[in-house]
file query.txt (compact mmCIF, C-alpha atoms (C1' of nucleotides))
# COMPACT_ATOMS: atom_id res chain seq x y z
CA MET A 1 34.85 22.66 -30.21
CA ALA A 2 31.72 21.79 -28.23
CA TYR A 3 32.26 24.13 -25.30
CA HIS A 4 29.21 24.56 -23.16
CA HIS A 5 30.01 28.21 -22.45
CA GLY A 6 27.63 29.87 -20.02
CA ASP A 7 24.94 27.24 -19.98
CA LEU A 8 26.96 24.39 -18.50
CA ARG A 9 25.89 25.56 -15.05
CA ARG A 10 22.27 25.36 -16.12
CA ALA A 11 22.81 21.97 -17.74
CA LEU A 12 24.50 20.66 -14.59
CA LEU A 13 21.59 21.74 -12.40
CA ASP A 14 19.01 20.19 -14.73
CA GLU A 15 20.96 16.97 -15.07
CA ALA A 16 21.39 16.74 -11.28
CA VAL A 17 17.63 17.06 -10.77
CA ARG A 18 16.95 14.58 -13.55
CA THR A 19 19.34 12.04 -12.04
CA ILE A 20 17.87 12.33 -8.54
CA GLN A 21 14.35 12.12 -9.97
CA MET A 22 15.08 8.95 -11.89
CA ASP A 23 17.57 7.02 -9.75
CA GLY A 24 17.53 8.63 -6.31
CA LEU A 25 19.91 10.91 -4.49
CA HIS A 26 22.48 8.19 -3.90
CA ALA A 27 22.87 7.80 -7.66
CA LEU A 28 23.92 11.42 -8.11
CA THR A 29 27.63 11.19 -8.85
CA LEU A 30 29.63 13.95 -10.45
CA ARG A 31 31.13 11.39 -12.80
CA ALA A 32 27.75 10.22 -14.07
CA VAL A 33 26.52 13.79 -14.52
CA GLY A 34 29.64 14.76 -16.44
CA GLN A 35 29.44 11.69 -18.59
CA ARG A 36 25.81 12.32 -19.48
CA LEU A 37 26.65 15.90 -20.46
CA LYS A 38 29.66 14.75 -22.53
CA VAL A 39 31.94 16.72 -20.27
CA SER A 40 34.86 15.90 -18.03
CA ARG A 41 33.88 14.94 -14.51
CA THR A 42 35.88 17.87 -13.17
CA ALA A 43 34.32 20.52 -15.42
CA LEU A 44 31.73 21.06 -12.69
CA TYR A 45 34.32 22.70 -10.46
CA ARG A 46 34.36 25.74 -12.75
CA HIS A 47 30.74 26.42 -11.78
CA PHE A 48 30.35 25.03 -8.26
CA ALA A 49 32.72 24.86 -5.32
CA ASP A 50 31.91 21.20 -4.77
CA LYS A 51 29.11 18.65 -4.86
CA SER A 52 27.31 20.12 -1.86
CA ALA A 53 27.31 23.54 -3.54
CA LEU A 54 25.54 21.93 -6.48
CA LEU A 55 22.93 20.51 -4.10
CA SER A 56 22.60 23.90 -2.39
CA ALA A 57 21.85 25.47 -5.76
CA VAL A 58 19.19 22.85 -6.46
CA ALA A 59 17.64 23.55 -3.05
CA GLY A 60 17.77 27.29 -3.69
CA GLU A 61 15.91 26.97 -6.97
CA GLY A 62 13.41 24.77 -5.17
CA PHE A 63 12.69 27.42 -2.56
CA VAL A 64 12.16 30.04 -5.26
CA MET A 65 9.74 27.74 -7.10
CA LEU A 66 7.91 26.95 -3.87
CA ARG A 67 7.57 30.59 -2.87
CA THR A 68 6.31 31.51 -6.33
CA GLN A 69 3.72 28.74 -6.35
CA LEU A 70 2.54 29.53 -2.81
CA ALA A 71 2.08 33.20 -3.67
CA ALA A 72 0.28 32.28 -6.89
CA ALA A 73 -2.10 29.97 -5.00
CA TRP A 74 -2.84 32.70 -2.45
CA GLU A 75 -3.61 35.17 -5.23
CA ALA A 76 -5.58 32.67 -7.31
CA GLY A 77 -7.77 31.95 -4.30
CA GLY A 78 -8.32 35.69 -3.85
CA GLY A 79 -6.68 35.67 -0.42
CA GLY A 80 -8.87 34.89 2.57
CA VAL A 81 -10.05 31.40 3.38
CA ALA A 82 -10.10 30.06 -0.17
CA GLY A 83 -6.63 31.41 -0.92
CA PHE A 84 -5.17 29.99 2.26
CA ASP A 85 -6.61 26.55 1.65
CA GLU A 86 -5.25 26.73 -1.88
CA MET A 87 -1.80 27.47 -0.44
CA GLY A 88 -1.87 24.28 1.57
CA ARG A 89 -2.80 22.27 -1.48
CA ALA A 90 -0.14 24.04 -3.55
CA TYR A 91 2.54 23.26 -0.97
CA VAL A 92 1.97 19.51 -1.01
CA ARG A 93 1.46 19.53 -4.76
CA PHE A 94 4.85 21.17 -5.21
CA ALA A 95 6.55 18.55 -3.08
CA VAL A 96 4.88 15.65 -4.86
CA ALA A 97 5.57 17.12 -8.30
CA ASN A 98 9.22 17.94 -7.47
CA PRO A 99 10.29 15.28 -5.00
CA SER A 100 13.99 15.58 -5.82
CA HIS A 101 14.00 19.31 -5.19
CA TYR A 102 12.01 18.80 -2.01
CA ARG A 103 14.25 16.06 -0.70
CA VAL A 104 17.34 18.17 -1.27
CA MET A 105 15.64 21.16 0.36
CA PHE A 106 14.62 19.25 3.50
CA GLY A 107 16.49 15.97 3.44
CA GLY A 108 19.12 17.18 5.88
CA PHE A 109 21.90 17.25 3.30
CA VAL A 110 22.13 21.00 3.21
CA ALA A 111 21.03 21.93 6.72
CA GLU A 112 23.71 19.86 8.44
CA ARG A 113 26.47 22.44 8.26
CA GLU A 114 25.97 26.18 8.11
CA PRO A 115 24.38 26.62 4.68
CA ASP A 116 25.25 29.47 2.36
CA PRO A 117 23.37 32.63 3.40
CA GLU A 118 21.62 32.95 0.04
CA LEU A 119 19.91 29.61 0.51
CA ALA A 120 18.83 30.60 4.03
CA ARG A 121 17.43 33.86 2.65
CA GLU A 122 15.38 32.04 0.02
CA ALA A 123 14.06 29.55 2.56
CA THR A 124 13.05 32.41 4.85
CA ALA A 125 11.33 34.19 1.97
CA ALA A 126 9.24 31.11 1.22
CA PHE A 127 8.28 30.83 4.90
CA GLN A 128 7.43 34.53 4.98
CA THR A 129 4.79 33.98 2.28
CA LEU A 130 2.96 31.79 4.77
CA VAL A 131 3.38 34.27 7.64
CA ASP A 132 2.04 37.11 5.48
CA ALA A 133 -1.05 35.13 4.54
CA ILE A 134 -1.65 34.33 8.21
CA VAL A 135 -1.39 38.00 9.26
CA ALA A 136 -3.77 39.00 6.47
CA GLN A 137 -6.33 36.46 7.64
CA GLN A 138 -6.00 37.53 11.26
CA GLN A 139 -6.63 41.15 10.29
CA ALA A 140 -9.73 40.01 8.40
CA GLY A 141 -10.92 38.22 11.55
CA LEU A 142 -10.67 34.80 9.94
CA LEU A 143 -7.96 33.29 12.15
CA ARG A 144 -7.08 33.02 15.85
CA ARG A 145 -4.90 35.86 17.06
CA ASP A 146 -2.04 33.67 18.18
CA PRO A 147 1.48 34.84 17.31
CA PRO A 148 1.68 34.54 13.49
CA GLN A 149 5.04 32.80 13.70
CA ARG A 150 3.60 30.12 15.96
CA LEU A 151 0.67 29.50 13.63
CA ALA A 152 3.07 29.43 10.70
CA ASP A 153 5.35 26.89 12.41
CA TYR A 154 2.32 24.73 13.13
CA ILE A 155 0.81 24.84 9.66
CA TRP A 156 4.20 24.46 7.96
CA SER A 157 4.77 21.34 10.04
CA ILE A 158 1.48 19.84 8.87
CA VAL A 159 2.01 20.32 5.16
CA HIS A 160 5.67 19.39 5.50
CA GLY A 161 4.75 16.19 7.31
CA ILE A 162 2.21 15.23 4.67
CA ALA A 163 4.64 16.08 1.89
CA MET A 164 7.52 14.08 3.37
CA LEU A 165 5.44 10.99 4.13
CA ALA A 166 3.88 11.16 0.67
CA ILE A 167 7.24 11.48 -1.09
CA ASP A 168 8.77 8.63 0.88
CA GLY A 169 5.82 6.40 0.03
CA HIS A 170 4.62 5.92 3.60
CA PHE A 171 1.00 6.45 2.55
CA GLN A 172 0.93 3.93 -0.28
CA HIS A 173 0.93 1.14 2.24
CA HIS A 174 -2.52 2.05 3.51
CA CYS A 175 -3.91 3.36 0.24
CA THR A 176 -4.17 6.98 1.31
CA ASP A 177 -4.89 9.45 -1.48
CA VAL A 178 -2.69 12.46 -0.81
CA GLU A 179 -5.10 15.01 -2.30
CA ASP A 180 -7.85 13.68 -0.06
CA LEU A 181 -5.60 13.84 2.98
CA VAL A 182 -4.65 17.45 2.23
CA ALA A 183 -8.33 18.36 1.81
CA PHE A 184 -9.06 16.76 5.18
CA ALA A 185 -6.09 18.54 6.76
CA VAL A 186 -7.18 21.90 5.40
CA GLU A 187 -10.63 21.44 6.98
CA ARG A 188 -9.18 20.38 10.34
CA ILE A 189 -6.70 23.26 10.34
CA ARG A 190 -9.56 25.65 9.62
CA THR A 191 -11.66 24.22 12.45
CA GLY A 192 -8.71 24.18 14.82
CA THR A 193 -7.52 27.71 14.17
CA ALA A 194 -10.74 29.64 13.58
CA ALA A 195 -11.02 33.02 15.25
CA VAL A 196 -12.61 32.83 18.69
CA ALA A 197 -15.36 35.19 19.80
CA ASP A 198 -14.05 38.05 21.97
CA MET B 1 41.81 -14.12 21.11
CA ALA B 2 39.45 -11.14 21.40
CA TYR B 3 36.56 -12.57 19.44
CA HIS B 4 33.37 -10.63 19.85
CA HIS B 5 31.24 -13.76 19.72
CA GLY B 6 27.52 -13.13 19.74
CA ASP B 7 27.58 -9.49 20.75
CA LEU B 8 29.38 -8.10 17.72
CA ARG B 9 26.01 -7.56 16.08
CA ARG B 10 24.88 -5.53 19.09
CA ALA B 11 28.15 -3.60 19.14
CA LEU B 12 27.84 -2.82 15.42
CA LEU B 13 24.33 -1.44 15.88
CA ASP B 14 25.32 0.72 18.85
CA GLU B 15 28.43 2.02 17.13
CA ALA B 16 26.43 2.83 13.99
CA VAL B 17 23.96 4.90 16.01
CA ARG B 18 26.78 6.57 17.92
CA THR B 19 28.57 7.51 14.68
CA ILE B 20 25.45 8.97 13.07
CA GLN B 21 24.60 10.83 16.27
CA MET B 22 28.03 12.43 16.50
CA ASP B 23 29.11 12.97 12.90
CA GLY B 24 26.03 12.55 10.74
CA LEU B 25 24.81 9.83 8.44
CA HIS B 26 27.37 10.60 5.74
CA ALA B 27 30.14 9.79 8.22
CA LEU B 28 28.86 6.26 8.78
CA THR B 29 31.39 4.11 6.96
CA LEU B 30 31.86 0.41 7.57
CA ARG B 31 35.58 0.98 7.78
CA ALA B 32 35.26 3.55 10.56
CA VAL B 33 32.83 1.39 12.51
CA GLY B 34 35.11 -1.62 12.22
CA GLN B 35 38.14 0.38 13.23
CA ARG B 36 36.40 1.78 16.28
CA LEU B 37 35.38 -1.72 17.35
CA LYS B 38 38.91 -3.05 16.73
CA VAL B 39 37.55 -5.39 14.11
CA SER B 40 38.17 -5.90 10.43
CA ARG B 41 36.01 -3.78 8.18
CA THR B 42 34.55 -6.91 6.63
CA ALA B 43 33.59 -8.59 9.90
CA LEU B 44 30.21 -6.86 9.60
CA TYR B 45 29.24 -9.12 6.73
CA ARG B 46 28.93 -12.06 9.13
CA HIS B 47 26.02 -10.25 10.81
CA PHE B 48 24.42 -8.10 8.11
CA ALA B 49 23.93 -8.66 4.40
CA ASP B 50 25.30 -5.19 3.63
CA LYS B 51 25.36 -1.61 4.82
CA SER B 52 21.69 -0.99 4.06
CA ALA B 53 20.74 -4.05 6.13
CA LEU B 54 22.59 -2.47 9.05
CA LEU B 55 20.57 0.71 8.57
CA SER B 56 17.35 -1.32 8.30
CA ALA B 57 18.16 -2.92 11.65
CA VAL B 58 18.73 0.50 13.21
CA ALA B 59 15.39 1.67 11.80
CA GLY B 60 13.67 -1.46 13.08
CA GLU B 61 14.93 -0.91 16.62
CA GLY B 62 13.79 2.69 16.31
CA PHE B 63 10.24 1.65 15.46
CA VAL B 64 10.15 -0.73 18.41
CA MET B 65 11.37 2.03 20.75
CA LEU B 66 8.86 4.49 19.30
CA ARG B 67 5.93 2.10 19.64
CA THR B 68 6.89 1.28 23.23
CA GLN B 69 7.16 4.94 24.19
CA LEU B 70 3.89 5.85 22.49
CA ALA B 71 2.06 3.05 24.29
CA ALA B 72 3.66 4.05 27.60
CA ALA B 73 2.59 7.67 27.12
CA TRP B 74 -0.98 6.61 26.33
CA GLU B 75 -1.07 4.47 29.47
CA ALA B 76 0.65 7.06 31.66
CA GLY B 77 -1.94 9.61 30.61
CA GLY B 78 -4.67 7.11 31.51
CA GLY B 79 -5.98 7.01 27.94
CA GLY B 80 -8.52 9.60 26.90
CA VAL B 81 -7.63 13.19 26.21
CA ALA B 82 -4.65 13.42 28.56
CA GLY B 83 -3.18 10.17 27.26
CA PHE B 84 -3.57 11.20 23.64
CA ASP B 85 -1.94 14.56 24.19
CA GLU B 86 0.87 12.79 25.99
CA MET B 87 1.35 10.55 22.96
CA GLY B 88 1.91 13.56 20.74
CA ARG B 89 4.50 14.92 23.11
CA ALA B 90 6.15 11.51 23.41
CA TYR B 91 6.39 11.18 19.62
CA VAL B 92 8.29 14.40 19.12
CA ARG B 93 10.35 13.81 22.23
CA PHE B 94 11.45 10.44 20.84
CA ALA B 95 12.53 12.00 17.56
CA VAL B 96 14.46 14.82 19.24
CA ALA B 97 16.11 12.44 21.72
CA ASN B 98 17.01 9.89 19.01
CA PRO B 99 17.57 11.94 15.88
CA SER B 100 19.83 9.36 14.24
CA HIS B 101 17.28 6.58 14.66
CA TYR B 102 14.56 8.89 13.42
CA ARG B 103 16.49 10.03 10.38
CA VAL B 104 17.24 6.46 9.38
CA MET B 105 13.59 5.52 9.93
CA PHE B 106 12.21 8.34 7.79
CA GLY B 107 15.13 9.81 5.88
CA GLY B 108 14.26 7.91 2.72
CA PHE B 109 17.30 5.64 2.91
CA VAL B 110 15.30 2.56 3.71
CA ALA B 111 11.99 3.30 2.01
CA GLU B 112 13.52 3.78 -1.44
CA ARG B 113 13.58 0.14 -2.42
CA GLU B 114 11.25 -2.53 -1.09
CA PRO B 115 12.28 -2.78 2.56
CA ASP B 116 12.52 -6.05 4.43
CA PRO B 117 9.06 -7.16 5.59
CA GLU B 118 10.06 -7.21 9.25
CA LEU B 119 10.82 -3.50 9.18
CA ALA B 120 7.51 -2.81 7.46
CA ARG B 121 5.73 -4.84 10.13
CA GLU B 122 7.34 -2.90 12.94
CA ALA B 123 6.52 0.43 11.29
CA THR B 124 2.92 -0.66 10.90
CA ALA B 125 2.76 -1.74 14.54
CA ALA B 126 3.94 1.70 15.69
CA PHE B 127 1.32 3.35 13.49
CA GLN B 128 -1.33 0.98 14.84
CA THR B 129 -0.70 2.30 18.35
CA LEU B 130 -1.95 5.67 17.14
CA VAL B 131 -4.96 4.17 15.34
CA ASP B 132 -5.96 2.22 18.45
CA ALA B 133 -5.84 5.33 20.61
CA ILE B 134 -7.97 7.18 18.07
CA VAL B 135 -10.61 4.44 18.01
CA ALA B 136 -10.72 4.37 21.81
CA GLN B 137 -11.29 8.11 21.93
CA GLN B 138 -14.00 7.96 19.29
CA GLN B 139 -15.82 5.28 21.26
CA ALA B 140 -15.60 7.52 24.33
CA GLY B 141 -17.15 10.35 22.30
CA LEU B 142 -14.02 12.47 22.52
CA LEU B 143 -13.11 12.61 18.83
CA ARG B 144 -14.81 13.19 15.49
CA ARG B 145 -16.10 10.01 13.89
CA ASP B 146 -14.02 10.33 10.74
CA PRO B 147 -12.32 7.16 9.48
CA PRO B 148 -9.65 6.35 12.10
CA GLN B 149 -7.02 5.81 9.44
CA ARG B 150 -7.65 9.27 8.01
CA LEU B 151 -7.34 10.89 11.44
CA ALA B 152 -4.21 8.85 12.10
CA ASP B 153 -2.61 9.91 8.79
CA TYR B 154 -3.40 13.52 9.64
CA ILE B 155 -2.08 13.49 13.19
CA TRP B 156 0.96 11.41 12.24
CA SER B 157 1.77 14.01 9.59
CA ILE B 158 1.67 16.79 12.15
CA VAL B 159 3.98 15.24 14.70
CA HIS B 160 6.21 13.90 11.93
CA GLY B 161 6.47 17.37 10.40
CA ILE B 162 7.36 18.97 13.72
CA ALA B 163 9.86 16.22 14.46
CA MET B 164 11.59 16.46 11.09
CA LEU B 165 11.83 20.24 11.08
CA ALA B 166 13.09 20.19 14.66
CA ILE B 167 15.76 17.58 13.95
CA ASP B 168 16.97 19.37 10.86
CA GLY B 169 17.27 22.63 12.79
CA HIS B 170 14.70 24.55 10.79
CA PHE B 171 13.16 25.99 13.96
CA GLN B 172 16.35 27.30 15.49
CA HIS B 173 16.41 30.07 12.95
CA HIS B 174 13.29 31.68 14.38
CA CYS B 175 13.84 30.69 17.98
CA THR B 176 10.93 28.27 18.24
CA ASP B 177 10.87 26.10 21.34
CA VAL B 178 9.85 22.65 20.19
CA GLU B 179 8.04 21.72 23.41
CA ASP B 180 5.98 24.89 23.16
CA LEU B 181 5.16 24.18 19.52
CA VAL B 182 4.03 20.65 20.36
CA ALA B 183 1.85 21.96 23.19
CA PHE B 184 0.28 24.44 20.77
CA ALA B 185 -0.19 21.71 18.15
CA VAL B 186 -1.87 19.40 20.66
CA GLU B 187 -4.38 22.15 21.53
CA ARG B 188 -5.11 22.93 17.89
CA ILE B 189 -5.51 19.26 17.00
CA ARG B 190 -7.93 18.87 19.90
CA THR B 191 -9.96 21.88 18.77
CA GLY B 192 -9.90 20.78 15.15
CA THR B 193 -10.90 17.19 15.73
CA ALA B 194 -13.35 17.41 18.65
CA ALA B 195 -16.50 15.32 18.38
CA VAL B 196 -19.38 17.20 16.79
CA ALA B 197 -22.87 17.21 18.22
CA ASP B 198 -25.17 14.75 16.47
C1' DA C 1 31.31 -20.28 12.70
C1' DC C 2 33.87 -16.26 12.70
C1' DC C 3 37.36 -13.14 11.26
C1' DT C 4 41.25 -11.32 8.16
C1' DG C 5 43.95 -9.05 4.11
C1' DA C 6 44.34 -8.27 -0.47
C1' DA C 7 41.88 -6.98 -4.43
C1' DC C 8 38.18 -4.76 -7.33
C1' DA C 9 35.35 -1.21 -8.95
C1' DC C 10 33.72 2.76 -7.48
C1' DC C 11 33.62 7.81 -5.38
C1' DG C 12 34.89 13.33 -4.65
C1' DT C 13 38.59 16.35 -5.17
C1' DT C 14 43.14 18.42 -6.58
C1' DC C 15 46.31 20.04 -9.83
C1' DA C 16 49.45 20.65 -13.59
C1' DA C 17 48.61 21.03 -18.28
C1' DG C 18 46.27 22.19 -22.50
C1' DT C 19 43.11 25.66 -25.68
C1' DA D 1 38.07 31.64 -18.90
C1' DC D 2 37.11 26.98 -19.52
C1' DC D 3 38.04 22.18 -19.87
C1' DT D 4 41.00 17.78 -19.55
C1' DG D 5 43.66 13.52 -17.67
C1' DA D 6 46.27 11.62 -14.30
C1' DA D 7 46.69 11.11 -9.52
C1' DC D 8 45.24 10.82 -4.53
C1' DA D 9 42.72 9.31 -0.71
C1' DC D 10 38.63 7.50 0.15
C1' DC D 11 34.35 4.09 -0.16
C1' DG D 12 31.35 -0.78 -0.18
C1' DT D 13 31.88 -5.40 -1.38
C1' DT D 14 33.95 -9.97 -2.68
C1' DC D 15 36.73 -13.85 -1.85
C1' DA D 16 40.35 -17.02 -0.88
C1' DA D 17 42.61 -17.95 3.20
C1' DG D 18 43.35 -18.48 8.10
C1' DT D 19 41.69 -20.11 13.27
call {"tool": "encode", "arguments": {"input": "query.txt", "output": "C-alpha cells"}}
result
Amino acid sequence: MAYHHGDLRRALLDEAVRTIQMDGLHALTLRAVGQRLKVSRTALYRHFADKSALLSAVAGEGFVMLRTQLAAAWEAGGGGVAGFDEMGRAYVRFAVANPSHYRVMFGGFVAEREPDPELAREATAAFQTLVDAIVAQQQAGLLRRDPPQRLADYIWSIVHGIAMLAIDGHFQHHCTDVEDLVAFAVERIRTGTAAVAD
Amino acid sequence: MAYHHGDLRRALLDEAVRTIQMDGLHALTLRAVGQRLKVSRTALYRHFADKSALLSAVAGEGFVMLRTQLAAAWEAGGGGVAGFDEMGRAYVRFAVANPSHYRVMFGGFVAEREPDPELAREATAAFQTLVDAIVAQQQAGLLRRDPPQRLADYIWSIVHGIAMLAIDGHFQHHCTDVEDLVAFAVERIRTGTAAVAD
DNA sequence: ACCTGAACACCGTTCAAGT
DNA sequence: ACCTGAACACCGTTCAAGT
C-alpha cells in the first residue's frame, strides 16, 4: 500500500521545518509529524536515530543553504567591496527567510552535546566562505591585515547578532527595519576594518 | 512542619538557574526542581502561573542584573570612551558568567508569545542604558551623530552575537579567546563609529 | 494561605510483530 | 527493508483534599 519508500526521509525533514516555521520548535513532536504524513509515529526511526538526529539533519541542510547563498552573493557582487557587503546582506536575509533552520542551527539544541562530525564539517565550510572572502580582500588591499580568523569571528558575530535579534522579534519593539540596520552595519564594518596606510 | 513560607519562590528561581546551568535547559523539569527542594512537584503553582512564568522570572532577574552591571561598568570607566568600552566587555562577561540566564533571556523561549509587560519593561531598561551612554558620548563629540537607536541596535547586535556564539561553544572550535575577541571588537567599533569632522 | 497525591493528556523511545 | 501497535518511563497541569 502507500509506502513512502525512499522519500519518507525527505518528507520528514520538510514536515519538521514546516512545523517549526508555523508553530515553533516546541510544537515539533514526532507524533504530530507522523500523523501529518499519515505514517506511524515510530516510522521515523527507520531514517533517523532519534529526534535530535532529525534536528541535526535540518541544521546540516541549513548550513549547506547558507554556504551556497553566501558564495553566490560574493560572486554576484564580483568579489571585492561590493561582494563582501552583499555577503553580509545575504547572511541576514537567509536567517530571516529561514528562521526555523537558523534557530535549529544556532539555538543551542545541537551544539549542547558533541554534534555529529558531518554537521560540524558543514558549519566549518560555511564559516570558511567568510574567511576566504576576507583573505581575498586583504590581498587586494581593501581590508586591515589582522588575522583573517579574528576578522571573521568579529564579522560573523555582527551578522549573527542582527539575525538572532531579528528572528526573535527584539527589533519590532523599536520599529527597526532589519534591511536598514544591515546596511548601516555594513558601512560601519567597512569604516572600522578598512586597510590602514603602511 | 518544614514549610518553605515566603522563600520558596526564591528557592525555586535559584534551583531553576542551577539546573539549567548544570544540565541544560531541557533538563529543567518541575518534578526535578520540586524533588531537589523536597517539595511536591505542584507546589510551584502557588508561586508561578506555570513553567513559562518561572522562566520569565528568571529572564527578568537576568535583565536587572545585566542593566546593573552595564551601568556599573559605564560608571567605573568614568563614562566617555573608557566607560563605553568597559560596557562592551561587561556585557559579554555577564553572558559568559550567567549563560543560563542569558539563554532564557534571548533563547526565544520567552519572546515567542507576547511576554509579560514587566519583563518587556526590564529588557527595555537594560537597552536604555546603552542608548544613554551613546547619547552622552555623542554630546561629548566622541561618536558619530547617527540616530542613537540605530547605533544602539548595531552595537547591541555585536555584543549579543559574540555572547551567543561564545555561550554555544562556537568559538572553541577555532580556539578563539572571547576576551581577546571582545577587545578587538571594541577597537573596531570605536574606529567604525568615531565622530566625523564637520 | 500553602502544600499534597492521584489523575489526565501528553511526550520520546523500545520492541515484538507484521508485510 | 520498512512500517505498525502496544508498552514503558517520562512530562506539565488540574483538582479535590488535607493542614
call {"tool": "atom_distance", "arguments": {"input": "query.txt", "atom1": "CA of Gly161 in chain A", "atom2": "CA of Ile158 in chain B"}}
result
5.8 Å
call {"tool": "residues_around", "arguments": {"input": "query.txt", "residues": "range 2-18 of chain C", "least_positions_apart": "2", "cutoff": "8 Å", "atoms": "all atoms listed in the file", "output": "list in words"}}
result
Thr29, Leu30 and Lys51 of chain A; His5, Ser40, Ala43 and Arg46 of chain B; DT4, DC10, DC11 and DG18 of chain D
call {"tool": "atom_distance", "arguments": {"input": "query.txt", "atom1": "CA of Glu15 in chain A", "atom2": "CA of Arg41 in chain A"}}
result
13.1 Å
call {"tool": "atom_distance", "arguments": {"input": "query.txt", "atom1": "CA of Gly83 in chain A", "atom2": "CA of Thr193 in chain B"}}
result
22.3 Å
call {"tool": "closest_residue", "arguments": {"input": "query.txt", "among": "B:Ala123, B:Ala59, B:Leu28, B:Ala90", "to": "chain D", "atoms": "all atoms listed in the file"}}
result
B:Leu28
call {"tool": "residues_around", "arguments": {"input": "query.txt", "residues": "Asp177 in chain A", "least_positions_apart": "6", "cutoff": "10 Å", "atoms": "all atoms listed in the file", "output": "MDAnalysis selection string"}}
result
(chainID A and resid 166 171) or (chainID B and resid 150)
call {"tool": "write_last_selection", "arguments": {"input": "query.txt", "atoms": "C-alpha atoms", "output": "mmCIF file, in the coordinates of the input"}}
result
data_model
loop_
_atom_site.group_PDB
_atom_site.id
_atom_site.type_symbol
_atom_site.label_atom_id
_atom_site.label_comp_id
_atom_site.auth_asym_id
_atom_site.auth_seq_id
_atom_site.Cartn_x
_atom_site.Cartn_y
_atom_site.Cartn_z
ATOM 1 C CA ALA A 166 3.880 11.160 0.670
ATOM 2 C CA PHE A 171 1.000 6.450 2.550
ATOM 3 C CA ARG B 150 -7.650 9.270 8.010
#
call {"tool": "residues_around", "arguments": {"input": "query.txt", "residues": "Ala71 in chain A", "least_positions_apart": "3", "cutoff": "8 Å", "atoms": "all atoms listed in the file", "output": "list in words"}}
result
Arg67, Thr68, Trp74, Glu75, Met87 and Thr129 of chain A
call {"tool": "residues_around", "arguments": {"input": "query.txt", "residues": "Val39 in chain B", "least_positions_apart": "3", "cutoff": "10 Å", "atoms": "all atoms listed in the file", "output": "PyMOL selection string"}}
result
(chain B and resi 2-4+8+31-36+42-44) or (chain C and resi 3-4)
call {"tool": "residues_around", "arguments": {"input": "query.txt", "residues": "Asp85 in chain A", "least_positions_apart": "2", "cutoff": "10 Å", "atoms": "all atoms listed in the file", "output": "number ranges by chain"}}
result
A: 73-74, 77, 79-83, 87-90, 182-183, 185-187, 189-190
call {"tool": "residues_near_point", "arguments": {"input": "query.txt", "point": "(16.9, 27.1, 3.6)", "cutoff": "9 Å", "atoms": "all atoms listed in the file", "output": "list in words"}}
result
Ser56, Ala59, Gly60, Phe63, Met105, Phe106, Val110, Ala111, Pro115, Asp116, Pro117, Glu118, Leu119, Ala120, Arg121, Glu122, Ala123, Thr124 and Ala126 of chain A; His170 of chain B
call {"tool": "write_last_selection", "arguments": {"input": "query.txt", "atoms": "C-alpha atoms", "output": "PDB file, in the frame of the given file"}}
result
ATOM      1  CA  SER A  56      22.600  23.900  -2.390  1.00  0.00           C
ATOM      2  CA  ALA A  59      17.640  23.550  -3.050  1.00  0.00           C
ATOM      3  CA  GLY A  60      17.770  27.290  -3.690  1.00  0.00           C
ATOM      4  CA  PHE A  63      12.690  27.420  -2.560  1.00  0.00           C
ATOM      5  CA  MET A 105      15.640  21.160   0.360  1.00  0.00           C
ATOM      6  CA  PHE A 106      14.620  19.250   3.500  1.00  0.00           C
ATOM      7  CA  VAL A 110      22.130  21.000   3.210  1.00  0.00           C
ATOM      8  CA  ALA A 111      21.030  21.930   6.720  1.00  0.00           C
ATOM      9  CA  PRO A 115      24.380  26.620   4.680  1.00  0.00           C
ATOM     10  CA  ASP A 116      25.250  29.470   2.360  1.00  0.00           C
ATOM     11  CA  PRO A 117      23.370  32.630   3.400  1.00  0.00           C
ATOM     12  CA  GLU A 118      21.620  32.950   0.040  1.00  0.00           C
ATOM     13  CA  LEU A 119      19.910  29.610   0.510  1.00  0.00           C
ATOM     14  CA  ALA A 120      18.830  30.600   4.030  1.00  0.00           C
ATOM     15  CA  ARG A 121      17.430  33.860   2.650  1.00  0.00           C
ATOM     16  CA  GLU A 122      15.380  32.040   0.020  1.00  0.00           C
ATOM     17  CA  ALA A 123      14.060  29.550   2.560  1.00  0.00           C
ATOM     18  CA  THR A 124      13.050  32.410   4.850  1.00  0.00           C
ATOM     19  CA  ALA A 126       9.240  31.110   1.220  1.00  0.00           C
TER      20      ALA A 126
ATOM     21  CA  HIS B 170      14.700  24.550  10.790  1.00  0.00           C
TER      22      HIS B 170
END
call {"tool": "build_atoms", "arguments": {"input": "query.txt", "residues": "range 122-130 of chain A", "atoms": "N, CA and C atoms", "output": "short mmCIF file (atom, residue, chain, number, x, y, z; two decimals), in the frame of the given file"}}
result
data_model
loop_
_atom_site.label_atom_id
_atom_site.label_comp_id
_atom_site.auth_asym_id
_atom_site.auth_seq_id
_atom_site.Cartn_x
_atom_site.Cartn_y
_atom_site.Cartn_z
N GLU A 122 16.48 32.51 0.86
CA GLU A 122 15.38 32.04 0.02
C GLU A 122 14.41 31.16 0.81
N ALA A 123 14.93 30.37 1.72
CA ALA A 123 14.06 29.55 2.56
C ALA A 123 13.18 30.44 3.44
N THR A 124 13.80 31.47 4.01
CA THR A 124 13.05 32.41 4.85
C THR A 124 11.98 33.13 4.05
N ALA A 125 12.30 33.49 2.83
CA ALA A 125 11.33 34.19 1.97
C ALA A 125 10.11 33.32 1.70
N ALA A 126 10.36 32.03 1.46
CA ALA A 126 9.24 31.11 1.22
C ALA A 126 8.37 31.01 2.47
N PHE A 127 9.02 30.91 3.63
CA PHE A 127 8.28 30.83 4.90
C PHE A 127 7.48 32.11 5.14
N GLN A 128 8.07 33.23 4.76
CA GLN A 128 7.43 34.53 4.98
C GLN A 128 6.11 34.64 4.21
N THR A 129 6.04 33.99 3.06
CA THR A 129 4.79 33.98 2.28
C THR A 129 3.65 33.43 3.13
N LEU A 130 3.96 32.39 3.89
CA LEU A 130 2.96 31.79 4.77
C LEU A 130 2.59 32.74 5.92
#
